[in-house]
Each structure stands twice: as structure tokens, then as C-alpha cells.
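Engineer: What follows is a structure written as C-alpha cells; I'll ask about it next.
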Amino acid sequence: MDPQPTRPVLYTYFRSSCSARVRIALNLKGIDYEPRAVNLLRDEHRDDAYTSLNPNGLLPLLLIDGLALTQSVAIIEYLDERFPQCPLLPRDPALRASVRAIVGVLCCDIQPLQNMRVLRALPEPQRTEHARSVIAAGLAVVETMLEATAGRFCVGDDVTMADCCLAPQLVNARRFSVDLTAMPRIRAVDDAAASLDAFRRAHWSRQPDCPPELRASDF
């Protein structure tokens, strides 16, 4: 570990939705960072070299300000407090609570139940349907929540942490062929986010560790 990196270092994997949340936040804040790939399919997150930095062996890990920060939501909240430009949490307490509630559904009720560790523990024939069912049920909840909170984005007309977490989850939704037809608010927010450069650059297909055959044509 470089104790004093010259710029923030993000340990990431191109398909990791948790890492994508932080990539989006860093981009929105205009923070230049160095990505370091950790290949989950090769179990590189279990290597001593990585677990010595992050004992739980999960992604992402952000080295910044002499700190080793883990857990994507905690990292985003640190970035928001440390770098005030493009705030990702509203000043109004009620709106902040709305953002955190949506984040909780996405990051606690959906993603952990369909991540690679869980799917690997299931018989192969059950994996896709399990992931599809979990994601569909959770996004249906988010769609209902957005009825009360959404403007252009999840909570009002400004990007928040909720949008940083929704966009990567929708990548997983499409990967597992979740039907989003009955979720117009989610689709509208996703379209708005996709129009922003910060979200485009954070997409898995535009990451240095993405295999060449899967990369976006404009990367």
C-alpha cells in the first residue's frame, strides 16, 4: 500500500455495482483518481495483498487523505462532507431522509441478496431467477417511493446519492432481464442520469479492466 498516494486510489472491478456507485460520486465531484482493478472472478479480493488493506475483502476500497475507506455508502458520504461541490445529500433533513431511504432499499434490500457471493452459493439453475426476483421486488418498492420524491432525479431535480446507487442497480436489472416496463419513474430517472458525463464515464463498459470485446465503442 502506498501510504501517501499522489491522488485518490479506488480499488474497483468493472462489473462491481458497489464500485460503480463510488466511481459516479468521484466523477460528479470532479475528483481525479487512479483505478486499481481487483478481479472478483479470479478471487483477487481474497489475496493477502488486498485483504491487508481491506480485511473484509470486498469492493470498493478508496485510499484518500491518508485513509483507507470501505463500504460504498460510507465512502460517498465522506466524499460529500469532504468535497462540498456538487452536494449529493440535500440540506433539507426530510429530503436527506428520503435519499437515505432509497439508498437503503437499493444497497441493503436488493444488492446484497443478488451479489456474486449469494449467487455462487445457489445451484447454477436457480441463480438467474433468484437475482431477477430479488431485483424486481426491490425496484418495485423504489418505484413507489419515487412517486413521492422524484423530479428529474430520485429526489427532486438535483443528482443525489440515491441516483449514484440506482444507476448501477439498473445495470444489474438489465443483466438479469428484469422487466422495467411498469417502472416509468425509474426509467425516467435512469435516462436523466445516463445523459450526464459522470454516469457515462463510470459505466462498466468504460472501465480500463473491462475486456476489450465488451468495451463501449467510445472508450
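Letters A, B, ... go to the chains of the C-alpha cells in the order shown; residues in each chain start at 1; ligands are counted from 1 in the same order.
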Identify, on the basis of only C-alpha atoms, every residue whose closest approach to A:Leu95 does not exceed 9 Å; exclude the query and any residue fewer than 5 positions from it along the same chain; express the result as a list in words.

Structural biologist: Leu89, Pro90, Arg100, Thr149, Val155 and Gly156 of chain A

Engineer: Based on the selection just made, write N, CA and C atoms of those residues as a PDB file, in the first residue's frame.

Structural biologist:
```
ATOM      1  N   LEU A  89     -26.201  15.040  -0.944  1.00  0.00           N
ATOM      2  CA  LEU A  89     -27.253  14.947   0.065  1.00  0.00           C
ATOM      3  C   LEU A  89     -27.878  16.331   0.213  1.00  0.00           C
ATOM      4  N   PRO A  90     -29.201  16.429   0.130  1.00  0.00           N
ATOM      5  CA  PRO A  90     -29.848  17.740   0.251  1.00  0.00           C
ATOM      6  C   PRO A  90     -29.647  18.337   1.641  1.00  0.00           C
ATOM      7  N   ARG A 100     -31.655   8.781   1.819  1.00  0.00           N
ATOM      8  CA  ARG A 100     -31.085   7.639   2.543  1.00  0.00           C
ATOM      9  C   ARG A 100     -32.040   6.445   2.542  1.00  0.00           C
ATOM     10  N   THR A 149     -41.158  11.396  -4.305  1.00  0.00           N
ATOM     11  CA  THR A 149     -39.909  12.154  -4.193  1.00  0.00           C
ATOM     12  C   THR A 149     -39.320  12.633  -5.509  1.00  0.00           C
ATOM     13  N   VAL A 155     -34.709  12.242  -6.038  1.00  0.00           N
ATOM     14  CA  VAL A 155     -35.265  13.165  -5.048  1.00  0.00           C
ATOM     15  C   VAL A 155     -35.102  14.573  -5.605  1.00  0.00           C
ATOM     16  N   GLY A 156     -36.161  15.076  -6.211  1.00  0.00           N
ATOM     17  CA  GLY A 156     -36.102  16.410  -6.794  1.00  0.00           C
ATOM     18  C   GLY A 156     -35.367  16.444  -8.115  1.00  0.00           C
TER      19      GLY A 156
END
```

Engineer: Give me the residues within 9 Å of A:Ala37 as a list in words, counting only C-alpha atoms and dropping any in the same chain fewer than 3 places off.

Structural biologist: Leu10, Tyr11, Thr12, Tyr13, Phe14, Pro208 and Asp209 of chain A

Engineer: For A:Leu79, which of A:Leu28, A:Met116, A:Leu122, A:Cys154 is the closest residue, counting only C-alpha atoms?

Structural biologist: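 Selected residue with least distance to A:Leu79: A:Leu28.
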
Engineer: Excluding A:Arg7 and any residue of its chain fewer than 3 positions from it, enumerate the residues within 10 Å of it, using only C-alpha atoms, and give them as a PyMOL selection string.

Structural biologist: chain A and resi 4+10+31-34+63-65

Engineer: Work out how far atom CA of A:Asp163 is from atom CA of A:Leu88, in Å to one decimal.

Structural biologist: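 Result for atom CA of A:Leu88 versus atom CA of A:Asp163: 9.0 Å, one decimal.
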
Engineer: Enumerate the residues of stretch 55-202 of chain A with a DSSP assignment of alpha helix (DSSP H), computed from the backbone, and present them as a VMD selection string.

Structural biologist: chain A and resid 72 to 82 93 to 104 116 to 121 124 to 149 161 to 175 184 to 194 197 to 202

Engineer: Restricting it to C-alpha atoms, dump the selection as a PDB file, in the first residue's frame.

Structural biologist:
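The result, stored in result-v8.pdb:
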```
ATOM      1  CA  SER A  72     -19.630   2.438  -0.807  1.00  0.00           C
ATOM      2  CA  VAL A  73     -22.276   4.469   1.032  1.00  0.00           C
ATOM      3  CA  ALA A  74     -19.836   5.460   3.774  1.00  0.00           C
ATOM      4  CA  ILE A  75     -17.313   6.453   1.101  1.00  0.00           C
ATOM      5  CA  ILE A  76     -19.848   8.607  -0.728  1.00  0.00           C
ATOM      6  CA  GLU A  77     -20.888  10.316   2.498  1.00  0.00           C
ATOM      7  CA  TYR A  78     -17.216  11.029   3.286  1.00  0.00           C
ATOM      8  CA  LEU A  79     -16.690  12.494  -0.171  1.00  0.00           C
ATOM      9  CA  ASP A  80     -19.797  14.635   0.215  1.00  0.00           C
ATOM     10  CA  GLU A  81     -18.611  16.061   3.529  1.00  0.00           C
ATOM     11  CA  ARG A  82     -15.010  16.467   2.415  1.00  0.00           C
ATOM     12  CA  PRO A  93     -33.493  16.995   6.652  1.00  0.00           C
ATOM     13  CA  ALA A  94     -36.658  15.468   5.209  1.00  0.00           C
ATOM     14  CA  LEU A  95     -35.134  15.259   1.743  1.00  0.00           C
ATOM     15  CA  ARG A  96     -31.918  13.796   3.178  1.00  0.00           C
ATOM     16  CA  ALA A  97     -34.008  11.121   4.867  1.00  0.00           C
ATOM     17  CA  SER A  98     -35.726  10.374   1.553  1.00  0.00           C
ATOM     18  CA  VAL A  99     -32.371   9.960  -0.177  1.00  0.00           C
ATOM     19  CA  ARG A 100     -31.085   7.639   2.543  1.00  0.00           C
ATOM     20  CA  ALA A 101     -34.301   5.590   2.499  1.00  0.00           C
ATOM     21  CA  ILE A 102     -33.979   4.954  -1.232  1.00  0.00           C
ATOM     22  CA  VAL A 103     -30.293   4.171  -0.794  1.00  0.00           C
ATOM     23  CA  GLY A 104     -31.211   1.712   1.949  1.00  0.00           C
ATOM     24  CA  MET A 116     -21.839 -12.807  -6.520  1.00  0.00           C
ATOM     25  CA  ARG A 117     -21.326 -14.342  -3.068  1.00  0.00           C
ATOM     26  CA  VAL A 118     -25.014 -15.209  -2.772  1.00  0.00           C
ATOM     27  CA  LEU A 119     -25.363 -16.451  -6.343  1.00  0.00           C
ATOM     28  CA  ARG A 120     -22.320 -18.679  -6.027  1.00  0.00           C
ATOM     29  CA  ALA A 121     -23.948 -20.349  -3.007  1.00  0.00           C
ATOM     30  CA  GLU A 124     -26.473 -22.869 -11.034  1.00  0.00           C
ATOM     31  CA  PRO A 125     -30.017 -23.303 -12.443  1.00  0.00           C
ATOM     32  CA  GLN A 126     -31.501 -21.119  -9.671  1.00  0.00           C
ATOM     33  CA  ARG A 127     -29.150 -18.158  -9.891  1.00  0.00           C
ATOM     34  CA  THR A 128     -30.677 -16.059 -12.653  1.00  0.00           C
ATOM     35  CA  GLU A 129     -34.251 -16.406 -11.432  1.00  0.00           C
ATOM     36  CA  HIS A 130     -33.216 -15.638  -7.846  1.00  0.00           C
ATOM     37  CA  ALA A 131     -31.422 -12.468  -8.896  1.00  0.00           C
ATOM     38  CA  ARG A 132     -34.261 -11.412 -11.191  1.00  0.00           C
ATOM     39  CA  SER A 133     -36.866 -11.921  -8.458  1.00  0.00           C
ATOM     40  CA  VAL A 134     -34.915 -10.024  -5.794  1.00  0.00           C
ATOM     41  CA  ILE A 135     -34.161  -7.088  -8.078  1.00  0.00           C
ATOM     42  CA  ALA A 136     -37.704  -6.839  -9.441  1.00  0.00           C
ATOM     43  CA  ALA A 137     -39.272  -6.850  -5.982  1.00  0.00           C
ATOM     44  CA  GLY A 138     -36.876  -4.231  -4.642  1.00  0.00           C
ATOM     45  CA  LEU A 139     -37.183  -1.930  -7.632  1.00  0.00           C
ATOM     46  CA  ALA A 140     -40.961  -2.083  -7.355  1.00  0.00           C
ATOM     47  CA  VAL A 141     -40.565  -0.604  -3.879  1.00  0.00           C
ATOM     48  CA  VAL A 142     -38.248   2.102  -5.200  1.00  0.00           C
ATOM     49  CA  GLU A 143     -40.730   2.933  -7.968  1.00  0.00           C
ATOM     50  CA  THR A 144     -43.420   3.521  -5.337  1.00  0.00           C
ATOM     51  CA  MET A 145     -41.058   5.670  -3.267  1.00  0.00           C
ATOM     52  CA  LEU A 146     -40.223   7.812  -6.286  1.00  0.00           C
ATOM     53  CA  GLU A 147     -43.896   8.675  -6.670  1.00  0.00           C
ATOM     54  CA  ALA A 148     -43.478  10.944  -3.633  1.00  0.00           C
ATOM     55  CA  THR A 149     -39.909  12.154  -4.193  1.00  0.00           C
ATOM     56  CA  MET A 161     -26.548   9.723  -3.590  1.00  0.00           C
ATOM     57  CA  ALA A 162     -29.752   7.859  -4.435  1.00  0.00           C
ATOM     58  CA  ASP A 163     -29.041   8.308  -8.152  1.00  0.00           C
ATOM     59  CA  CYS A 164     -25.456   7.144  -7.647  1.00  0.00           C
ATOM     60  CA  CYS A 165     -26.881   3.907  -6.255  1.00  0.00           C
ATOM     61  CA  LEU A 166     -29.844   3.452  -8.586  1.00  0.00           C
ATOM     62  CA  ALA A 167     -27.954   3.570 -11.880  1.00  0.00           C
ATOM     63  CA  PRO A 168     -25.622   0.638 -11.104  1.00  0.00           C
ATOM     64  CA  GLN A 169     -28.532  -1.415  -9.793  1.00  0.00           C
ATOM     65  CA  LEU A 170     -30.328  -0.899 -13.082  1.00  0.00           C
ATOM     66  CA  VAL A 171     -27.288  -2.289 -14.871  1.00  0.00           C
ATOM     67  CA  ASN A 172     -27.793  -5.441 -12.808  1.00  0.00           C
ATOM     68  CA  ALA A 173     -31.511  -5.371 -13.552  1.00  0.00           C
ATOM     69  CA  ARG A 174     -30.894  -5.394 -17.285  1.00  0.00           C
ATOM     70  CA  ARG A 175     -28.181  -8.013 -16.936  1.00  0.00           C
ATOM     71  CA  PRO A 184     -41.734   4.618 -15.610  1.00  0.00           C
ATOM     72  CA  ARG A 185     -40.297   6.813 -12.849  1.00  0.00           C
ATOM     73  CA  ILE A 186     -37.215   4.637 -12.509  1.00  0.00           C
ATOM     74  CA  ARG A 187     -36.733   4.609 -16.274  1.00  0.00           C
ATOM     75  CA  ALA A 188     -37.096   8.392 -16.482  1.00  0.00           C
ATOM     76  CA  VAL A 189     -34.529   8.936 -13.731  1.00  0.00           C
ATOM     77  CA  ASP A 190     -32.171   6.473 -15.392  1.00  0.00           C
ATOM     78  CA  ASP A 191     -32.495   8.304 -18.704  1.00  0.00           C
ATOM     79  CA  ALA A 192     -31.689  11.610 -16.985  1.00  0.00           C
ATOM     80  CA  ALA A 193     -28.656  10.103 -15.276  1.00  0.00           C
ATOM     81  CA  ALA A 194     -27.432   8.489 -18.485  1.00  0.00           C
ATOM     82  CA  ASP A 197     -20.961  12.520 -18.372  1.00  0.00           C
ATOM     83  CA  ALA A 198     -20.224  11.472 -14.783  1.00  0.00           C
ATOM     84  CA  PHE A 199     -22.536   8.490 -15.125  1.00  0.00           C
ATOM     85  CA  ARG A 200     -21.392   7.581 -18.627  1.00  0.00           C
ATOM     86  CA  ARG A 201     -17.726   7.526 -17.608  1.00  0.00           C
ATOM     87  CA  ALA A 202     -18.499   5.352 -14.572  1.00  0.00           C
TER      88      ALA A 202
END
```

Engineer: Between A:Met183, A:Leu113, A:Ile24, A:Cys86, which residue has the minimum interatomic distance to A:Trp204, considering only C-alpha atoms?

Structural biologist: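 Of all the options, A:Ile24 lies closest to A:Trp204.
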
Engineer: If DSSP is run on the backbone, what residues of chain A are strand (DSSP E)? A reply as number ranges by chain would be ideal.

Structural biologist: A: 9-12, 34-37, 61-64, 67-70

Engineer: Export all heavy atoms of the chosen residues as a CSV table (one decimal), in the first residue's frame?

Structural biologist:
```csv
chain,number,residue,atom,x,y,z
A,9,VAL,N,-6.9,6.6,-4.7
A,9,VAL,CA,-6.8,5.3,-5.4
A,9,VAL,C,-8.1,4.6,-5.1
A,9,VAL,O,-8.5,4.4,-3.9
A,9,VAL,CB,-5.6,4.5,-4.9
A,9,VAL,CG1,-5.6,3.1,-5.5
A,9,VAL,CG2,-4.3,5.2,-5.3
A,10,LEU,N,-8.8,4.1,-6.2
A,10,LEU,CA,-10.0,3.3,-6.0
A,10,LEU,C,-9.8,1.9,-6.5
A,10,LEU,O,-9.5,1.7,-7.6
A,10,LEU,CB,-11.2,3.9,-6.8
A,10,LEU,CG,-12.5,3.2,-6.7
A,10,LEU,CD1,-13.1,3.3,-5.3
A,10,LEU,CD2,-13.5,3.7,-7.7
A,11,TYR,N,-9.9,1.0,-5.5
A,11,TYR,CA,-9.8,-0.4,-5.8
A,11,TYR,C,-11.2,-0.8,-6.3
A,11,TYR,O,-12.2,-0.6,-5.6
A,11,TYR,CB,-9.4,-1.3,-4.6
A,11,TYR,CG,-7.9,-1.1,-4.3
A,11,TYR,CD1,-7.5,0.0,-3.6
A,11,TYR,CD2,-7.0,-2.1,-4.7
A,11,TYR,CE1,-6.1,0.1,-3.3
A,11,TYR,CE2,-5.6,-1.9,-4.5
A,11,TYR,CZ,-5.2,-0.8,-3.7
A,11,TYR,OH,-3.9,-0.7,-3.5
A,12,THR,N,-11.3,-1.3,-7.5
A,12,THR,CA,-12.6,-1.4,-8.2
A,12,THR,C,-12.6,-2.7,-9.1
A,12,THR,O,-11.5,-3.3,-9.4
A,12,THR,CB,-12.8,-0.2,-9.1
A,12,THR,OG1,-14.1,-0.2,-9.7
A,12,THR,CG2,-11.7,0.1,-10.1
A,34,GLU,N,-7.0,7.3,-9.3
A,34,GLU,CA,-6.4,6.2,-10.0
A,34,GLU,C,-7.2,4.9,-9.7
A,34,GLU,O,-7.4,4.5,-8.6
A,34,GLU,CB,-5.0,6.0,-9.5
A,34,GLU,CG,-4.3,4.7,-10.1
A,34,GLU,CD,-3.0,4.4,-9.4
A,34,GLU,OE1,-2.5,5.2,-8.7
A,34,GLU,OE2,-2.6,3.2,-9.5
A,35,PRO,N,-7.8,4.3,-10.8
A,35,PRO,CA,-8.4,3.0,-10.6
A,35,PRO,C,-7.4,1.8,-10.5
A,35,PRO,O,-6.5,1.8,-11.3
A,35,PRO,CB,-9.3,2.9,-11.8
A,35,PRO,CG,-8.6,3.6,-12.9
A,35,PRO,CD,-7.8,4.7,-12.2
A,36,ARG,N,-7.6,0.9,-9.6
A,36,ARG,CA,-6.8,-0.3,-9.5
A,36,ARG,C,-7.8,-1.5,-9.5
A,36,ARG,O,-8.6,-1.6,-8.6
A,36,ARG,CB,-5.9,-0.3,-8.2
A,36,ARG,CG,-4.8,0.7,-8.3
A,36,ARG,CD,-3.9,0.6,-7.1
A,36,ARG,NE,-2.9,1.7,-7.1
A,36,ARG,CZ,-2.1,2.0,-6.1
A,36,ARG,NH1,-2.0,1.2,-5.0
A,36,ARG,NH2,-1.3,3.0,-6.1
A,37,ALA,N,-7.6,-2.3,-10.5
A,37,ALA,CA,-8.6,-3.4,-10.7
A,37,ALA,C,-8.3,-4.5,-9.8
A,37,ALA,O,-7.2,-4.9,-9.6
A,37,ALA,CB,-8.5,-3.8,-12.2
A,61,LEU,N,-12.7,-0.1,-2.3
A,61,LEU,CA,-11.8,0.5,-1.3
A,61,LEU,C,-11.2,1.8,-1.8
A,61,LEU,O,-10.8,1.8,-3.0
A,61,LEU,CB,-10.7,-0.5,-0.9
A,61,LEU,CG,-9.5,0.1,-0.1
A,61,LEU,CD1,-9.9,0.4,1.3
A,61,LEU,CD2,-8.3,-0.9,-0.1
A,62,LEU,N,-11.3,2.8,-1.1
A,62,LEU,CA,-10.8,4.1,-1.6
A,62,LEU,C,-9.7,4.6,-0.6
A,62,LEU,O,-9.9,4.7,0.6
A,62,LEU,CB,-11.9,5.2,-1.6
A,62,LEU,CG,-11.5,6.6,-2.1
A,62,LEU,CD1,-11.1,6.5,-3.6
A,62,LEU,CD2,-12.6,7.6,-1.9
A,63,LEU,N,-8.5,4.8,-1.2
A,63,LEU,CA,-7.4,5.4,-0.4
A,63,LEU,C,-7.4,6.9,-0.7
A,63,LEU,O,-7.3,7.3,-1.9
A,63,LEU,CB,-6.1,4.8,-0.8
A,63,LEU,CG,-5.9,3.3,-0.8
A,63,LEU,CD1,-4.5,2.9,-1.1
A,63,LEU,CD2,-6.3,2.8,0.6
A,64,ILE,N,-7.7,7.7,0.3
A,64,ILE,CA,-7.8,9.1,0.2
A,64,ILE,C,-7.5,9.8,1.5
A,64,ILE,O,-7.8,9.3,2.6
A,64,ILE,CB,-9.2,9.5,-0.3
A,64,ILE,CG1,-9.3,11.0,-0.7
A,64,ILE,CG2,-10.2,9.1,0.7
A,64,ILE,CD1,-10.6,11.4,-1.4
A,67,LEU,N,-6.4,7.9,4.4
A,67,LEU,CA,-7.4,6.9,4.9
A,67,LEU,C,-7.6,5.8,4.0
A,67,LEU,O,-7.4,5.9,2.8
A,67,LEU,CB,-8.7,7.6,5.2
A,67,LEU,CG,-8.7,8.8,6.1
A,67,LEU,CD1,-10.0,9.6,6.1
A,67,LEU,CD2,-8.3,8.4,7.6
A,68,ALA,N,-8.0,4.6,4.5
A,68,ALA,CA,-8.5,3.5,3.7
A,68,ALA,C,-10.0,3.3,4.0
A,68,ALA,O,-10.3,2.8,5.0
A,68,ALA,CB,-7.7,2.3,4.0
A,69,LEU,N,-10.8,3.8,3.1
A,69,LEU,CA,-12.2,3.8,3.3
A,69,LEU,C,-12.9,2.7,2.6
A,69,LEU,O,-12.6,2.4,1.4
A,69,LEU,CB,-12.9,5.2,2.8
A,69,LEU,CG,-12.3,6.4,3.4
A,69,LEU,CD1,-13.0,7.7,2.8
A,69,LEU,CD2,-12.4,6.5,4.9
A,70,THR,N,-13.8,2.0,3.3
A,70,THR,CA,-14.6,0.9,2.7
A,70,THR,C,-16.1,1.2,2.9
A,70,THR,O,-16.5,2.1,3.5
A,70,THR,CB,-14.3,-0.4,3.5
A,70,THR,OG1,-14.7,-0.3,4.9
A,70,THR,CG2,-12.8,-0.7,3.4
```

Engineer: Find the distance between atom CA of A:Glu44 and atom CA of A:Leu59 and write it in Å to one decimal.

Structural biologist: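 Interatomic distance, atom CA of A:Glu44 to atom CA of A:Leu59: 10.8 Å.
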